Each structure stands twice: as C-alpha cells, then as structure tokens.
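Undergrad: One structure, pasted below without further comment.
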Amino acid sequence: MTAALTAAVSTGVKTFNDLPVGRQVALIGMIAGGLVVAAAILYWALRPTYAPLFSQIEGTEAAEVMQALTQLGVPFRVDNLSGRIEIPQQRIAETRLLLAGQGLPKSADIGFELLQEDAGIGVSRRIEGARYQRALEGELGRSVASLEPVERARVHIARPERSVFVRERTPPSASVVVHLRGSRSLTEAQVGAIVHLVSASVPELVPERVTVVDERGRLLTRKDEDQGMNASLDHLDYTHRVEATYVERVQALLTPIVGRDRVRVQVAADLDFSRVERTQESFDPERTAVRSEQSTEEERIGQDPGVGGIPGALTNQPPAGGAVGEAAADANGAALLPSSRSQQTTRNYEVDRTIAHVQEMPGGIRRLSTAVVVDYRDETDEAGEPTRVPRSEVELESIRALVREAVGFNEKRGDSLNVTSASFVPDTLAEDAVPFWSEPWFLELAKIAAGFLLALLVLLTVVKPGIQQLMPRPEPEALGSEAGRRALTDGSEADAMGDDLVALTQDGAAVAQLAGPGGDQQQLNLEKVREMVKEDPKRVAQVIKNWLAEDGS
C-alpha cells in the first residue's frame, strides 16, 4: 500500500509538472481554496457557542470581570455592538459561581459593607447620612432580589428635609425597580410583600408611598381607582387556587389506582365573597330560673272599732290592748271571727338568653361541580392482541365514592359529580414537556453535523476533482473499439490510415510501426499506443476522431 501511494504521489507530481503554468496556478488555487473553506466550516462547527455572562454590567465592573476571567483561564470575547462579555455557554454557571466567590460584579448589590470603608477625615454628617441611605438601599435590593421571580432589584428611598413645623413635614417615600427572570411575573401577593418589606425597613414610611415598577416600565402597585378590578382579580386567583387544591387531591387519590396520566379532573367552585356581619339574640323558654321572690300575707278579724263616727282625731283612736294568746271578743264576751285575709307573692324568673355576633369571612363554598374522566383499561383479546375496553360501572361507582369523600361532597349544598370513562391518546406527552429539538445539546449537535456535511460537500465538489487531475488516467476505451482493432489487425486499412497518422504526429517512425501490416506485432503496437496516449493524448484523440469520421463515411 505504501508503494502504491508513493507511485501515485510521484505520478501526480510528474503530471503537475507537465501542466502549463496557468493550469498549475488554477489547480493549486482550487485545491487550497477548497481545503481552506472546509477547514473554516469545521472550525465554525466545532467552536463553542458563546453567550452573555451578565445581561447588564457597569463599564467599571467589566474591566475587573475581564481580569478575573483571564486569571481563571476562561476564554471570553466582547461583543462590539452591545459591549457584553460573552463566554462559552457550557461554562456560564461555573464561571458565575467563581466570580461570585470573588465578589463580582459588586456594583448592583452594595450593602452595609459600604460603611466599613474608610471615609477619611472631615466627612460631614450629611455625607454619612447619604452613605447609610445608599447602604440601606443596597440591602433592600438584595432582599427583594432573593425572591424567586426577581433577578435583581434596585431600591430608591426619598427622605425629605425635616421641618420644625409639623404641618409642613412630608413622610418619606420609596420606589423599587425589579428585573424579572425571563418571562416570569410577580403576583399581587408578592408585590404586596415587597411593598411591606420596604415600608417596614424605613421609619415613618407607609405602604401607600411605596411604588414597584418592573423592567418594562409597568406599574405593579395598586391604585385607588383600581381597587375594584384588583379585588376581582384576587377573587379569581383565590377561586383557581381552591379548584387546584381539589384537583390535586382527587388526582393524588386516583393516580395509584388507574395509573399515571390516565385520569383528568376538573373542579368548578362557586364561592361566596360577600362580607356578612349579624347579631342574634335568642331566648329559650324551656330553661327558666327563679331570680327573686317576695311574699306578703294580711289578715283582718272582726269589725274595726276605729272605723266610723265623725271624722277627726277623737274618733281615730287605736284599739284597746288585748291579752296575748286570747282571741278577740265582743262586748258580750263572744269571740270575734276574722273578717278578711289576703296573701300576695311576687316571683321574678330569669329566662335563658343567647346573644351572638357573627362575622362571616368571604370565600365560602356555595357549590362544587366535579368532573372526572378515566382512561380505558388495557386488556388482551382472545387472539392475544392488546385492546382497550371501557371501565365497568362497578369500577366507576367505586371511583365516584372516592371522589365524593375527597372533595367533601354535600348534596344539600347542591354539589354535582360526574365520572365517566373515555379512551385517551396513548403515549401522551406532558403539557410542560420541552421538544428535544429546542434543547441546547440538540442545537449544538445539529451545528456540528451541518458543519461536517458542508465540509464534506466542499471536499467532494472542489478538492477531489482537483486531485483527480493529478492522478494517472485510465486507458482510453476508444482504442479498444472495433475501428481500432481493425486498424491494428487489417493491414490494408492500417496502411491507408497510416499516412494520416504520420501527417498529424511529429514522430513518424513510431507511428509507422503502429500502422504496420503484421498481425504478430499487435501486442507491440498496443504498448506503443499506450505510450503515445500518455505522452500526447490530444493528438491521439484527434487521430481517433479522424478514424471514426472516415469509418462512418
């Protein structure tokens, strides 16, 4: 194999040397250009994909970051248009961690460590207050950026000058600018948490004077005129969370029974968001108790001697005293019987009384509507083929009983439940599944494959034809045609055509021998023809054309 390669190289060099200078230059340019283009394509395909290290960075911090990347041995480049620092995409996470260990970048999150720097001599109280306020803003920005949807945040606190007049005092205010991650968004609860976090960190700052804005300039804090709309959005969000809770509860119960991704659950909740306050006072007549009792008894015996006569002091005398234990008697000594007797009793009863003050919070459930769809069951028919059959009514009734208990089904409340069986599409992908062609590894692999294909195409269409011109050519088949064989075997025809061949070539002796009449010289003539073809293929081709033209005529 080495000898064949050496012979091919030597033949190619000899062929290249025999070519004219113009063709030599063109052939060298074609082969070299093809190789350069193929190498450039391979370099582009195998070169790592660069991505921004930080989306935004201050110019003063960029120099420090570049110096740190040089020390870490991380290749980087600077985009001429945006000025961003870009590094290989697969090393972004690792490099950010290494830079964070060195405190870079540090312009976005300066906190109370600013107070540790030497302020020098002669710093005024105003400058010290400004340094403290800047440090406080940095700490608040760090705290806000710790939320999951927030990438970074900046806080600005406005403190007016304190006035000696109470009426002219203005409370402080604050504004927060948040940069969210990708397509993330902040909920109303998260915005409220940011507002209360900032207001609670600054003395005399009320939540109403805190403004939150995102990187797109959208105002995230509520306005007074939007309270009704915000309340509706809060109600809708709360309804969705309640429904999602019931859906998760039912799916967690049925998934181990019917299988993963083989059950679909939807819950519609009708909630009551009205605020109700009422006071009730009720009495129980069956439960009474004596609170107080008063009894009075009066008895009169005989005729009252003091009653009657002429009105005045003399007729109004008290009765004469009597003996103890003796009954009253009249003038004749007969006992006097009582004339009247009265008794009076007063009882006060306490009746059981209940006073209740009820305040109903909004969000109560008025009605629940639950719909459950279960996939068909996989079975094997009599022929051994897999088939899908609906679930039996007994199994569906068992599922209904489980769902009733899971959602707290209340028939008096008007709840409804519907469980049915249907055939799902097999091998369904999850809703949040990402297509594989959008993954970074697939894009990188496609880039490398495309580069190799383009390089191979350039090699096959540009480089290979140029190299083939330097390789030894195969013997012309035209010499093996019937006309050629007749020229070598038939002496009369060879003699007639020999004159034409002698006229077209400069080597008359060789051609005369080629056209000799003897049949035993056929092999020798074939060898001479091959030599002639190698030395001057154009001239031989012209002779053969003349032969073919004469033979056709």
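Every chain in the structure tokens takes a letter, A first, then B, and so on in the order presented; its residues are numbered from 1, and the ligands are numbered from 1 following the presented order.
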For Glu297 (chain A), find every residue with an atom within 8 Å (counting only C-alpha atoms), except residues of its own chain fewer than 5 positions away, and show them as a list in words.

TA: Arg341, Ser342, Gln343 and Gln344 of chain A

Undergrad: What's the 10 Å shell around Thr187 (chain A), counting only C-alpha atoms, without same-chain residues fewer than 4 positions away, as a PyMOL selection string?

TA: chain A and resi 149+191-193+220+234+237

Undergrad: How would the residues just picked look written out with N, CA, C and O atoms as a PDB file, in the first residue's frame?

TA:
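Output contents, as saved in part.pdb:
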ATOM      1  N   PRO A 149     -38.863  34.946  41.397  1.00  0.00           N
ATOM      2  CA  PRO A 149     -39.031  35.526  40.058  1.00  0.00           C
ATOM      3  C   PRO A 149     -38.132  36.726  39.776  1.00  0.00           C
ATOM      4  O   PRO A 149     -38.023  37.147  38.630  1.00  0.00           O
ATOM      5  N   VAL A 191     -46.068  41.309  45.128  1.00  0.00           N
ATOM      6  CA  VAL A 191     -45.898  42.764  45.082  1.00  0.00           C
ATOM      7  C   VAL A 191     -46.214  43.382  46.436  1.00  0.00           C
ATOM      8  O   VAL A 191     -45.492  44.269  46.921  1.00  0.00           O
ATOM      9  N   GLY A 192     -47.293  42.912  47.075  1.00  0.00           N
ATOM     10  CA  GLY A 192     -47.607  43.408  48.418  1.00  0.00           C
ATOM     11  C   GLY A 192     -46.526  43.086  49.421  1.00  0.00           C
ATOM     12  O   GLY A 192     -46.231  43.890  50.322  1.00  0.00           O
ATOM     13  N   ALA A 193     -45.906  41.919  49.281  1.00  0.00           N
ATOM     14  CA  ALA A 193     -44.816  41.561  50.190  1.00  0.00           C
ATOM     15  C   ALA A 193     -43.627  42.490  50.006  1.00  0.00           C
ATOM     16  O   ALA A 193     -42.983  42.909  50.991  1.00  0.00           O
ATOM     17  N   LEU A 220     -46.646  48.055  39.093  1.00  0.00           N
ATOM     18  CA  LEU A 220     -47.153  46.839  39.708  1.00  0.00           C
ATOM     19  C   LEU A 220     -47.956  47.100  40.975  1.00  0.00           C
ATOM     20  O   LEU A 220     -48.716  46.228  41.391  1.00  0.00           O
ATOM     21  N   ASP A 234     -58.193  39.234  42.546  1.00  0.00           N
ATOM     22  CA  ASP A 234     -57.872  38.441  43.733  1.00  0.00           C
ATOM     23  C   ASP A 234     -58.891  37.339  43.944  1.00  0.00           C
ATOM     24  O   ASP A 234     -58.523  36.197  44.301  1.00  0.00           O
ATOM     25  N   ASP A 237     -58.174  34.643  41.379  1.00  0.00           N
ATOM     26  CA  ASP A 237     -56.978  33.881  41.735  1.00  0.00           C
ATOM     27  C   ASP A 237     -57.263  32.940  42.900  1.00  0.00           C
ATOM     28  O   ASP A 237     -56.805  31.779  42.896  1.00  0.00           O
TER      29      ASP A 237
END

Undergrad: Determine which residues of region 173-206 of chain A DSSP labels as helix (DSSP H, G or I) from the backbone of this structure, then write them out as a list in words.

TA: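 Answer for region 173-206 of chain A, restricted to helix (DSSP H, G or I): Glu188, Ala189, Gln190, Val191, Gly192, Ala193, Ile194, Val195, His196, Leu197, Val198, Ser199, Ala200 and Ser201 of chain A.
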
Undergrad: Please save all heavy atoms of the selected residues as a CSV table (one decimal), in the first residue's frame.

TA:
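Saved to out00.csv:
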chain,number,residue,atom,x,y,z
A,188,GLU,N,-49.9,39.5,42.9
A,188,GLU,CA,-50.3,40.6,43.7
A,188,GLU,C,-49.8,40.4,45.2
A,188,GLU,O,-49.4,41.3,45.8
A,188,GLU,CB,-51.8,40.7,43.8
A,188,GLU,CG,-52.4,41.1,42.4
A,188,GLU,CD,-52.1,42.5,42.1
A,188,GLU,OE1,-51.8,43.3,43.0
A,188,GLU,OE2,-52.0,42.9,40.9
A,189,ALA,N,-49.8,39.1,45.6
A,189,ALA,CA,-49.3,38.9,46.9
A,189,ALA,C,-47.8,39.2,47.0
A,189,ALA,O,-47.3,39.7,48.0
A,189,ALA,CB,-49.5,37.4,47.3
A,190,GLN,N,-47.0,38.8,46.0
A,190,GLN,CA,-45.6,39.1,46.0
A,190,GLN,C,-45.3,40.6,45.9
A,190,GLN,O,-44.4,41.1,46.6
A,190,GLN,CB,-44.9,38.4,44.9
A,190,GLN,CG,-44.9,36.8,45.0
A,190,GLN,CD,-44.4,36.1,43.8
A,190,GLN,OE1,-44.5,36.6,42.7
A,190,GLN,NE2,-43.8,35.0,44.0
A,191,VAL,N,-46.1,41.3,45.1
A,191,VAL,CA,-45.9,42.8,45.1
A,191,VAL,C,-46.2,43.4,46.4
A,191,VAL,O,-45.5,44.3,46.9
A,191,VAL,CB,-46.8,43.4,44.0
A,191,VAL,CG1,-46.7,44.9,44.0
A,191,VAL,CG2,-46.4,42.9,42.6
A,192,GLY,N,-47.3,42.9,47.1
A,192,GLY,CA,-47.6,43.4,48.4
A,192,GLY,C,-46.5,43.1,49.4
A,192,GLY,O,-46.2,43.9,50.3
A,193,ALA,N,-45.9,41.9,49.3
A,193,ALA,CA,-44.8,41.6,50.2
A,193,ALA,C,-43.6,42.5,50.0
A,193,ALA,O,-43.0,42.9,51.0
A,193,ALA,CB,-44.4,40.1,49.9
A,194,ILE,N,-43.3,42.8,48.8
A,194,ILE,CA,-42.2,43.8,48.5
A,194,ILE,C,-42.5,45.2,49.1
A,194,ILE,O,-41.7,45.8,49.7
A,194,ILE,CB,-41.9,43.9,47.0
A,194,ILE,CG1,-41.4,42.5,46.5
A,194,ILE,CG2,-40.9,45.0,46.7
A,194,ILE,CD1,-41.2,42.5,45.0
A,195,VAL,N,-43.8,45.6,48.9
A,195,VAL,CA,-44.1,46.9,49.5
A,195,VAL,C,-44.0,46.9,51.0
A,195,VAL,O,-43.4,47.9,51.6
A,195,VAL,CB,-45.6,47.2,49.0
A,195,VAL,CG1,-46.1,48.5,49.8
A,195,VAL,CG2,-45.6,47.5,47.5
A,196,HIS,N,-44.5,45.9,51.7
A,196,HIS,CA,-44.5,45.9,53.1
A,196,HIS,C,-43.0,45.7,53.6
A,196,HIS,O,-42.7,46.1,54.7
A,196,HIS,CB,-45.4,44.8,53.7
A,196,HIS,CG,-46.8,45.2,53.6
A,196,HIS,ND1,-47.6,45.1,52.4
A,196,HIS,CD2,-47.7,45.7,54.5
A,196,HIS,CE1,-48.8,45.5,52.7
A,196,HIS,NE2,-48.9,45.9,53.9
A,197,LEU,N,-42.2,44.9,52.9
A,197,LEU,CA,-40.8,44.8,53.2
A,197,LEU,C,-40.1,46.1,53.3
A,197,LEU,O,-39.3,46.4,54.2
A,197,LEU,CB,-40.1,43.8,52.3
A,197,LEU,CG,-38.6,43.6,52.4
A,197,LEU,CD1,-38.3,43.0,53.8
A,197,LEU,CD2,-38.1,42.8,51.3
A,198,VAL,N,-40.3,46.9,52.2
A,198,VAL,CA,-39.6,48.2,52.1
A,198,VAL,C,-40.1,49.1,53.2
A,198,VAL,O,-39.4,49.9,53.9
A,198,VAL,CB,-39.7,48.7,50.7
A,198,VAL,CG1,-39.1,50.1,50.6
A,198,VAL,CG2,-39.0,47.8,49.7
A,199,SER,N,-41.5,49.2,53.3
A,199,SER,CA,-42.0,50.2,54.3
A,199,SER,C,-41.7,49.8,55.7
A,199,SER,O,-41.5,50.7,56.5
A,199,SER,CB,-43.6,50.2,54.1
A,199,SER,OG,-44.1,48.9,54.4
A,200,ALA,N,-41.5,48.5,56.0
A,200,ALA,CA,-41.2,48.2,57.4
A,200,ALA,C,-39.7,48.4,57.7
A,200,ALA,O,-39.3,48.4,58.9
A,200,ALA,CB,-41.5,46.7,57.6
A,201,SER,N,-38.9,48.6,56.7
A,201,SER,CA,-37.5,48.8,56.9
A,201,SER,C,-37.1,50.3,57.0
A,201,SER,O,-35.9,50.6,57.4
A,201,SER,CB,-36.7,48.2,55.7
A,201,SER,OG,-37.0,46.8,55.6

Undergrad: Go through A:Val263, A:Arg404, A:Met66, A:Thr279 and flag the residue nearest Gln359 (chain A), using only C-alpha atoms for the distances.

TA: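 The closest residue to Gln359 (chain A) is A:Thr279.
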
Undergrad: Using only C-alpha atoms, find the one residue out of A:Thr15, A:Ser173, A:Ser163, A:Thr370 that sits nearest to Lys534 (chain A).

TA: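 Of A:Thr15, A:Ser173, A:Ser163, A:Thr370, the one nearest Lys534 (chain A) is A:Thr15, counting only C-alpha atoms.
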
Undergrad: CA of Val65 (chain A) and CA of Val155 (chain A) are how many Å apart?

TA: 24.4 Å

Undergrad: Between CA of Ile467 (chain A) and CA of Ala450 (chain A), what is the distance in Å, rounded to a tenth?

TA: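 Separation between CA of Ile467 (chain A) and CA of Ala450 (chain A): 24.5 Å.
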
Undergrad: If you count only C-alpha atoms, which residues fall within 9 Å of Val74 (chain A), apart from same-chain ones fewer than 5 positions away, as a list of chain:residue names?

TA: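 Skipping anything fewer than 5 positions along the chain leaves A:Ala68, A:Leu69, A:Ile87, A:Pro88, A:Arg91, A:Thr95.
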
Undergrad: From the options A:Ala153, A:Leu368, A:Val177, A:Leu147, which residue's atoms come nearest to Glu243 (chain A), counting only C-alpha atoms?

TA: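 When distances to Glu243 (chain A) are compared using only C-alpha atoms, the smallest one comes from A:Leu368.
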
Undergrad: Neighbouring residues of Ala130 (chain A) were defined as those with any atom within 12 Å, considering only C-alpha atoms; residues of the same chain fewer than 5 positions away were excluded. Please report them as a list in words.

TA: Leu114, Leu115, Val123, Ser124, Arg125, Ala135, Leu136, Glu137, His156, Ile157, Ala158 and Arg159 of chain A

Undergrad: Go ahead and write the residues just picked, N, CA and C atoms, as a JSON list (two decimals), in the first residue's frame.

TA:
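Dumped everything to out23.json:
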[["chain", "number", "residue", "atom", "x", "y", "z"],
["A", 114, "LEU", "N", -20.52, 48.97, 52.70],
["A", 114, "LEU", "CA", -20.07, 50.30, 52.31],
["A", 114, "LEU", "C", -19.67, 51.12, 53.53],
["A", 115, "LEU", "N", -20.30, 50.87, 54.65],
["A", 115, "LEU", "CA", -19.97, 51.61, 55.87],
["A", 115, "LEU", "C", -18.63, 51.19, 56.46],
["A", 123, "VAL", "N", -15.40, 64.15, 57.15],
["A", 123, "VAL", "CA", -16.64, 63.81, 56.46],
["A", 123, "VAL", "C", -17.80, 64.41, 57.24],
["A", 124, "SER", "N", -18.67, 65.10, 56.52],
["A", 124, "SER", "CA", -19.79, 65.77, 57.17],
["A", 124, "SER", "C", -20.88, 64.77, 57.53],
["A", 125, "ARG", "N", -21.79, 65.25, 58.37],
["A", 125, "ARG", "CA", -22.91, 64.40, 58.77],
["A", 125, "ARG", "C", -23.83, 64.10, 57.60],
["A", 135, "ALA", "N", -26.35, 52.39, 51.59],
["A", 135, "ALA", "CA", -26.17, 51.03, 52.09],
["A", 135, "ALA", "C", -27.51, 50.36, 52.37],
["A", 136, "LEU", "N", -28.47, 51.14, 52.92],
["A", 136, "LEU", "CA", -29.80, 50.59, 53.19],
["A", 136, "LEU", "C", -30.50, 50.22, 51.89],
["A", 137, "GLU", "N", -30.37, 51.05, 50.87],
["A", 137, "GLU", "CA", -30.97, 50.73, 49.59],
["A", 137, "GLU", "C", -30.38, 49.45, 48.99],
["A", 156, "HIS", "N", -34.89, 52.87, 45.73],
["A", 156, "HIS", "CA", -34.58, 54.29, 45.91],
["A", 156, "HIS", "C", -35.48, 54.83, 47.02],
["A", 157, "ILE", "N", -34.86, 55.43, 48.01],
["A", 157, "ILE", "CA", -35.58, 55.98, 49.16],
["A", 157, "ILE", "C", -35.44, 57.50, 49.14],
["A", 158, "ALA", "N", -36.56, 58.18, 49.22],
["A", 158, "ALA", "CA", -36.58, 59.65, 49.24],
["A", 158, "ALA", "C", -36.97, 60.11, 50.63],
["A", 159, "ARG", "N", -36.02, 60.77, 51.30],
["A", 159, "ARG", "CA", -36.28, 61.32, 52.64],
["A", 159, "ARG", "C", -36.24, 62.84, 52.57]]

Undergrad: What is the CA of Val543 (chain A) to CA of Val13 (chain A) distance in Å?

TA: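 For CA of Val543 (chain A) relative to CA of Val13 (chain A), the distance reads 28.0 Å.
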
Undergrad: Could you pull out all residues of region 171-246 of chain A with a DSSP call of strand (DSSP E) and give them as a list in words?

TA: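 Secondary structure check on region 171-246 of chain A, strand (DSSP E): Ser173, Ala174, Ser175, Val176, Val177, Val178, His179, Leu180, Val210, Thr211, Val212, Val213 and Asp214 of chain A.
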
Undergrad: So, with only C-alpha atoms as the atoms that count, which of A:Gln542, A:Thr211, A:Ser232, A:Gln24 lies closest to Val178 (chain A)?

TA: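 Once distances to Val178 (chain A) are computed over only C-alpha atoms, the minimum belongs to A:Thr211.
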